[in-house]
Structure formats: C-alpha cells, structure tokens
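Just below is one structure, and these are the notes that go with it.
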Amino acid sequence: MTLSKVASGASSKVIQTMNSCIITIGFSAHHLEVLPFLRASMQKHAAIVLEEPPSPNFPQMLDQSLPIEDYLMEVDSQFPKFDRAMCTLVRWLHREGKSIYQVEPYLEMLLEIHELLATGKTADDVLRRDGLRQVYLAERNATGALIGYYASIAKDPFKLVVEAVKTFARADAMRLHLRAQLRAQAVFELTPRHDSIFVESGYIHFALFRHLRRRMNSQQKLSVEHLLRSRIKSLGGKRLNLGPGDLLTLRFIFHRAPNGALSDLQAARSLIYIKLIATEELIPDARTAPHAEDEIRVNGLVDRLSFDDCAQIFDRVRLADRERALAVVEEYLQKRR
C-alpha cells in the first residue's frame, strides 16, 4: 500500500516528541454544496487526507503540469462536477502549503485484485495473499448480495425484496467496517508527520471515528465535523439527512443483531426512497443547497410510511421514473389523511 502525497514546507515536519496531532474527520456527501464548508475546514489543517485511492498522476495535477480534465479522464469519477471542483480546491490548498494525501487502502487493494485477475491470476492466488484476502472476501460477499438484490427487485414479491435489501445491507456493513479499519490505520500512520490533519469522509463511514479513536494516545485529539449540519438544520432536516438505506447499513455496522421490526421498516422505506431521490448532480448557488433540500423532502415523505404503506406502494413505483414515483407517493399520503 502506498500513500499519494504532495508535501510542502513546515507542514510535513515530523513531530518527534509528544506526537500531539489533532485529527478532524469531516463527514459530508460528494455534493457541490458542501465545498464552501469543506474548504473552510480543510484550510485550518496542515495536512489533508482525501477519500480516494492514490493516483499516479495526482502530483502532476496538483502542480498544474497536468490539466484537471486530463487527470479526471484517468479517474473513475462518479461525481464529475464535484470532482472537478475538488481538484481546483486541492490545487489551491497545495499552493497554500498544505500536504495533500490520497488515502483509501481498501479501494487501493481492490484495484490490485482486479489487476491480478486481469493478468490471469485466479481467486485462489488472491486468497493466498494475506494483505488482499480480507478485501477479496468482503467484496465478493457484498457484490454477490448486491446482484441478488438487483435480481430480487426486478421480479420478487415485496417481502422477499425487503429480505434482499437486508442481506445486502449486512454484507455492505462488513465491507464498510473493514474499509474504515484499514483507512484508520493508514491515517494514524501520518500522525507523526503533522500537527493537524483533516480527513475527508462520507457519512456512511462513521466507523472511521471509532477505529481512529482506538489508536490515538492521550496527547492526540480527535474531533468530528458534520460539514452540512448547520445548513441541514436551518432547512428543517434531521439526522444529517441520512436516508433509510444508510440508516439500515449503519445499524448493521454498529449492531450485529439490530431490532428486526425497525430493520424491516428501514429496508422497506429504502425501496421507496431510492425511487424518489435525485441521482443527478444538482448545481447550488450562494443561497441554495439543492441536494440537502431534496433529501429533506424525500425523507419527509418516506418517514410517514409504515411497512404496510411501503408494501402497497412498491409495485406502483417499482418500474416508475422519479417523477411518476413522487406523484404516486404524494397522492397516496394525501388520500391517507
């Protein structure tokens, strides 16, 4: 495993004595509206840890010898507008003297597994490598459960689809737990080099806090910032706008045997939620947070649905587009008053 890093000046100085590093985990989603909050927090720290595996061309992108568009063509980007803006932000932070790291060991190991398989190595070859074995098994289990979920949602009765959701959430939780564990160790290994570190993290990776805290000594400080908390609160949102699917997965991460009825309800609501939530990148302006606003609206709808409500609605929205699904749910809730 490697760390892609560009260090500059005093920020890369190794702290030899007390190792009193301050770590801040900034939890957020990969949406454009989070960037002002992300920038404000990142610039307070000596080092920035990005939530992505190392890319060989990252240093060239940072020092502007490689155009951002050319860099992104070589990166698997799920949020291209956000990633483009993030590249601009980390370039600025680099010029300000910050050390920038790409740290995501799980994804780095997964890429290595794919490369081994592409060169003719077998699954048994991968399993014999201690460093890759856990990642391979976790990914195989989660991918198998995801395929089962996709097959179920296309044809099965509602209750069987709910079971498929829970099966995937359980497998995904195991994968995310390992991912957080590996990343926590890699971040912790940076603490002797810097007096302060900002760690970018998605909401679903809350376990990162637990794993980091277990490694830190009494001279070190760990804090959390939910970067959009104030904006979400001002808009009337709750629980950081987490949807029912994420809540279900987090329950499996932190509780081996979560409450069955609540898990069923969260799985059922998640089947409706995914039909209602916007999937395209929404563009904010200075006064709006369109993704947060959309999540508040959708959570407000699905939070009003019981398990039986979801069962009645499911077949009507299963194959519907978002606009039609929203109309179905709003009409159902209106009639139920």
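Numbering starts fresh at 1 for the residues of each chain in the structure tokens, the chains themselves are lettered A, B, ... in the order given, and ligands are numbered from 1 as they appear.
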| query | So which residues touch A:Leu107 within 10 Å, counting only C-alpha atoms, skipping near sequence neighbours fewer than 3 positions away, as a PyMOL selection string? | reply | chain A and resi 51-54+103-104+110-113+135+179+183
| Could you name the residues that touch A:Asp83 at 9 Å or less, counting only C-alpha atoms, but leaving out those on the same chain fewer than 5 positions away, as a PyMOL selection string? | chain A and resi 30+32+72+77-78+88
Now that the selection is made, can you save its residues with N, CA and C atoms as a tab-separated table (two decimals), in the first residue's frame?
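Written out: again.tsv:
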chain	number	residue	atom	x	y	z
A	30	HIS	N	-20.62	13.84	-1.39
A	30	HIS	CA	-19.89	14.40	-2.52
A	30	HIS	C	-20.82	15.26	-3.38
A	32	LEU	N	-21.74	19.39	-4.59
A	32	LEU	CA	-21.12	20.69	-4.78
A	32	LEU	C	-21.41	21.65	-3.63
A	72	LEU	N	-8.88	13.81	-14.75
A	72	LEU	CA	-10.16	13.16	-14.46
A	72	LEU	C	-10.52	12.10	-15.49
A	77	SER	N	-14.72	8.55	-12.06
A	77	SER	CA	-15.42	9.63	-11.38
A	77	SER	C	-16.93	9.38	-11.39
A	78	GLN	N	-17.51	9.24	-10.18
A	78	GLN	CA	-18.96	9.10	-10.07
A	78	GLN	C	-19.66	10.45	-9.97
A	88	THR	N	-9.76	21.66	-8.19
A	88	THR	CA	-9.43	23.09	-8.09
A	88	THR	C	-9.15	23.47	-6.64
| query | Do you know which residues are at most 8 Å from stretch 142-149 of chain A counting only C-alpha atoms, after dropping those on the same chain fewer than 3 positions away, and could you put them as a ChimeraX atom specification? | reply | /A:138-139,152-153,161,164-165,167-168,171-172,175
Selection from above, C-alpha atoms, as a PDB file, in the first residue's frame, can you write it?
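Done, and the output landed in out-v9.pdb:
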ATOM      1  CA  ALA A 138     -15.619  -8.770   1.791  1.00  0.00           C
ATOM      2  CA  GLU A 139     -16.034  -7.505  -1.764  1.00  0.00           C
ATOM      3  CA  SER A 152     -34.994  -9.625  -6.494  1.00  0.00           C
ATOM      4  CA  ILE A 153     -36.122  -6.040  -7.043  1.00  0.00           C
ATOM      5  CA  VAL A 161     -37.192  -7.805  -1.802  1.00  0.00           C
ATOM      6  CA  ALA A 164     -32.695  -8.962  -0.165  1.00  0.00           C
ATOM      7  CA  VAL A 165     -32.194  -5.352   0.998  1.00  0.00           C
ATOM      8  CA  THR A 167     -28.922  -9.219   3.126  1.00  0.00           C
ATOM      9  CA  PHE A 168     -27.071  -6.622   1.087  1.00  0.00           C
ATOM     10  CA  ALA A 171     -22.765  -7.646   3.662  1.00  0.00           C
ATOM     11  CA  ASP A 172     -22.126  -3.994   2.851  1.00  0.00           C
ATOM     12  CA  ARG A 175     -17.229  -4.359   3.818  1.00  0.00           C
TER      13      ARG A 175
END
Which residues are close to A:Pro244, i.e. within 12 Å by only C-alpha atoms, leaving aside same-chain residues fewer than 3 positions away? Reply as a CSV table (one decimal) with N, CA and C atoms, in the first residue's frame.
chain,number,residue,atom,x,y,z
A,165,VAL,N,-32.8,-6.6,0.5
A,165,VAL,CA,-32.2,-5.4,1.0
A,165,VAL,C,-31.4,-5.6,2.3
A,166,LYS,N,-31.9,-6.3,3.2
A,166,LYS,CA,-31.3,-6.5,4.5
A,166,LYS,C,-30.0,-7.4,4.3
A,169,ALA,N,-27.4,-5.1,2.9
A,169,ALA,CA,-27.0,-4.1,4.0
A,169,ALA,C,-26.0,-4.8,4.9
A,204,ILE,N,-21.5,7.5,5.5
A,204,ILE,CA,-21.6,6.0,5.7
A,204,ILE,C,-20.4,5.5,6.4
A,239,ARG,N,-31.3,14.1,11.5
A,239,ARG,CA,-30.4,13.0,11.4
A,239,ARG,C,-29.4,13.2,10.2
A,240,LEU,N,-29.0,14.4,10.0
A,240,LEU,CA,-28.0,14.7,8.9
A,240,LEU,C,-28.5,14.3,7.5
A,241,ASN,N,-29.8,14.2,7.4
A,241,ASN,CA,-30.4,13.8,6.1
A,241,ASN,C,-30.1,12.4,5.7
A,247,LEU,N,-29.2,4.4,7.1
A,247,LEU,CA,-29.5,4.1,8.5
A,247,LEU,C,-29.5,2.6,8.8
A,248,LEU,N,-30.1,1.8,7.8
A,248,LEU,CA,-30.1,0.4,8.0
A,248,LEU,C,-28.6,-0.2,8.0
A,249,THR,N,-27.8,0.3,7.0
A,249,THR,CA,-26.4,-0.2,6.9
A,249,THR,C,-25.7,0.2,8.2
A,250,LEU,N,-25.8,1.4,8.7
A,250,LEU,CA,-25.1,1.8,9.9
A,250,LEU,C,-25.6,1.0,11.1
A,251,ARG,N,-26.8,0.6,11.1
A,251,ARG,CA,-27.3,-0.3,12.2
A,251,ARG,C,-26.5,-1.6,12.2
A,262,LEU,N,-37.6,-2.8,13.2
A,262,LEU,CA,-37.1,-1.5,12.7
A,262,LEU,C,-36.3,-1.7,11.5
A,263,SER,N,-35.5,-2.8,11.4
A,263,SER,CA,-34.7,-3.1,10.2
A,263,SER,C,-35.6,-3.3,9.0
A,264,ASP,N,-36.7,-4.1,9.3
A,264,ASP,CA,-37.7,-4.3,8.2
A,264,ASP,C,-38.2,-3.0,7.7
A,265,LEU,N,-38.6,-2.1,8.6
A,265,LEU,CA,-39.2,-0.8,8.2
A,265,LEU,C,-38.2,0.0,7.4
A,266,GLN,N,-36.9,0.1,7.9
A,266,GLN,CA,-35.9,0.9,7.2
A,266,GLN,C,-35.6,0.3,5.8
A,267,ALA,N,-35.6,-1.0,5.7
A,267,ALA,CA,-35.4,-1.7,4.4
A,267,ALA,C,-36.6,-1.4,3.4
A,268,ALA,N,-37.8,-1.4,4.0
A,268,ALA,CA,-39.0,-1.1,3.2
A,268,ALA,C,-39.0,0.3,2.7
A,269,ARG,N,-38.7,1.2,3.6
A,269,ARG,CA,-38.7,2.6,3.2
A,269,ARG,C,-37.6,2.9,2.2
A,270,SER,N,-36.5,2.2,2.3
A,270,SER,CA,-35.3,2.4,1.4
A,270,SER,C,-35.8,2.1,-0.1
A,271,LEU,N,-36.6,1.1,-0.2
A,271,LEU,CA,-37.1,0.7,-1.6
A,271,LEU,C,-37.9,1.9,-2.2
A,272,ILE,N,-38.6,2.6,-1.4
A,272,ILE,CA,-39.4,3.8,-1.9
A,272,ILE,C,-38.4,5.0,-2.1
A,273,TYR,N,-37.5,5.2,-1.1
A,273,TYR,CA,-36.6,6.3,-1.1
A,273,TYR,C,-35.8,6.3,-2.4
A,274,ILE,N,-35.2,5.2,-2.8
A,274,ILE,CA,-34.4,5.2,-4.0
A,274,ILE,C,-35.1,5.6,-5.3
A,277,ILE,N,-35.4,9.9,-4.7
A,277,ILE,CA,-34.3,10.8,-4.6
A,277,ILE,C,-33.6,11.2,-5.9
A,295,GLU,N,-33.1,15.8,-0.2
A,295,GLU,CA,-33.1,14.8,0.8
A,295,GLU,C,-34.1,15.0,1.9
A,298,VAL,N,-37.6,14.2,0.5
A,298,VAL,CA,-37.8,12.7,0.3
A,298,VAL,C,-37.9,12.0,1.7
A,299,ASN,N,-37.0,12.4,2.6
A,299,ASN,CA,-37.1,11.8,3.9
A,299,ASN,C,-38.4,12.2,4.6
A,300,GLY,N,-38.9,13.4,4.4
A,300,GLY,CA,-40.2,13.8,4.9
A,300,GLY,C,-41.3,12.9,4.4
A,301,LEU,N,-41.2,12.5,3.2
A,301,LEU,CA,-42.2,11.6,2.6
A,301,LEU,C,-42.1,10.2,3.2
A,302,VAL,N,-41.0,9.6,3.1
A,302,VAL,CA,-40.8,8.2,3.4
A,302,VAL,C,-41.0,8.0,5.0
A,303,ASP,N,-40.6,9.0,5.7
A,303,ASP,CA,-40.8,8.9,7.2
A,303,ASP,C,-42.2,8.7,7.6
A,305,LEU,N,-44.3,6.7,6.0
A,305,LEU,CA,-44.8,5.5,5.5
A,305,LEU,C,-44.5,4.3,6.5
| field | Shell around A:Lys238 at 9 Å using only C-alpha atoms, local window under 6 positions removed, as number ranges by chain | value | A: 229, 232, 296, 299
Keeping only N, CA and C atoms, write the selected residues as a PDB file, in the first residue's frame.
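Wrote result16.pdb, looks like this:
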ATOM      1  N   ARG A 229     -24.187  20.193   8.720  1.00  0.00           N
ATOM      2  CA  ARG A 229     -25.153  20.140   9.814  1.00  0.00           C
ATOM      3  C   ARG A 229     -25.939  21.444   9.944  1.00  0.00           C
ATOM      4  N   ILE A 232     -28.377  21.893   7.002  1.00  0.00           N
ATOM      5  CA  ILE A 232     -29.486  20.941   7.091  1.00  0.00           C
ATOM      6  C   ILE A 232     -30.464  21.365   8.188  1.00  0.00           C
ATOM      7  N   ILE A 296     -34.242  16.296   2.307  1.00  0.00           N
ATOM      8  CA  ILE A 296     -35.225  16.640   3.335  1.00  0.00           C
ATOM      9  C   ILE A 296     -36.636  16.340   2.842  1.00  0.00           C
ATOM     10  N   ASN A 299     -37.016  12.396   2.593  1.00  0.00           N
ATOM     11  CA  ASN A 299     -37.114  11.799   3.930  1.00  0.00           C
ATOM     12  C   ASN A 299     -38.432  12.159   4.602  1.00  0.00           C
TER      13      ASN A 299
END
| query | From the set A:Trp92, A:Pro157, A:Lys233, A:Val75, which residue has the shortest atom-to-atom contact distance to A:Gln312, counting only C-alpha atoms? | reply |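 With only C-alpha atoms as the atom set, the closest residue is A:Pro157.
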| Can you list every residue in stretch 147-218 of chain A that DSSP puts in alpha helix (DSSP H), as a PyMOL selection string? | chain A and resi 147-155+158-188+207-215
| Expected answer as a list in words: strand (DSSP E or B) residues in stretch 164-328 of chain A |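 Selection result, strand (DSSP E or B) within stretch 164-328 of chain A: Ser196, Ile197, Phe198, Val199, Glu200, Ser201, Gly202, Lys221, Leu222, Ser223, Val224, Glu225 and His226 of chain A.
Relative to atom CA of A:Ala29, atom CA of A:Leu242 is found at 10.2 Å.
Contact shell of A:Arg129 at 12 Å (only C-alpha atoms; same-chain neighbours under 6 positions omitted): A:Met109, A:Glu112, A:Ile113, A:Leu116, A:Lys121, A:Thr122, A:Ala123, A:Val135, A:Tyr136, A:Leu137.
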| field | Test item: residues at most 8 Å from A:Ile197, only C-alpha atoms, excluding those fewer than 6 positions along its chain, as a ChimeraX atom specification | value | /A:21-24,45-49,191
| Which value, in Å to one decimal, gives the distance between atom CA of A:Leu276 and atom CA of A:Arg324? | 9.0 Å
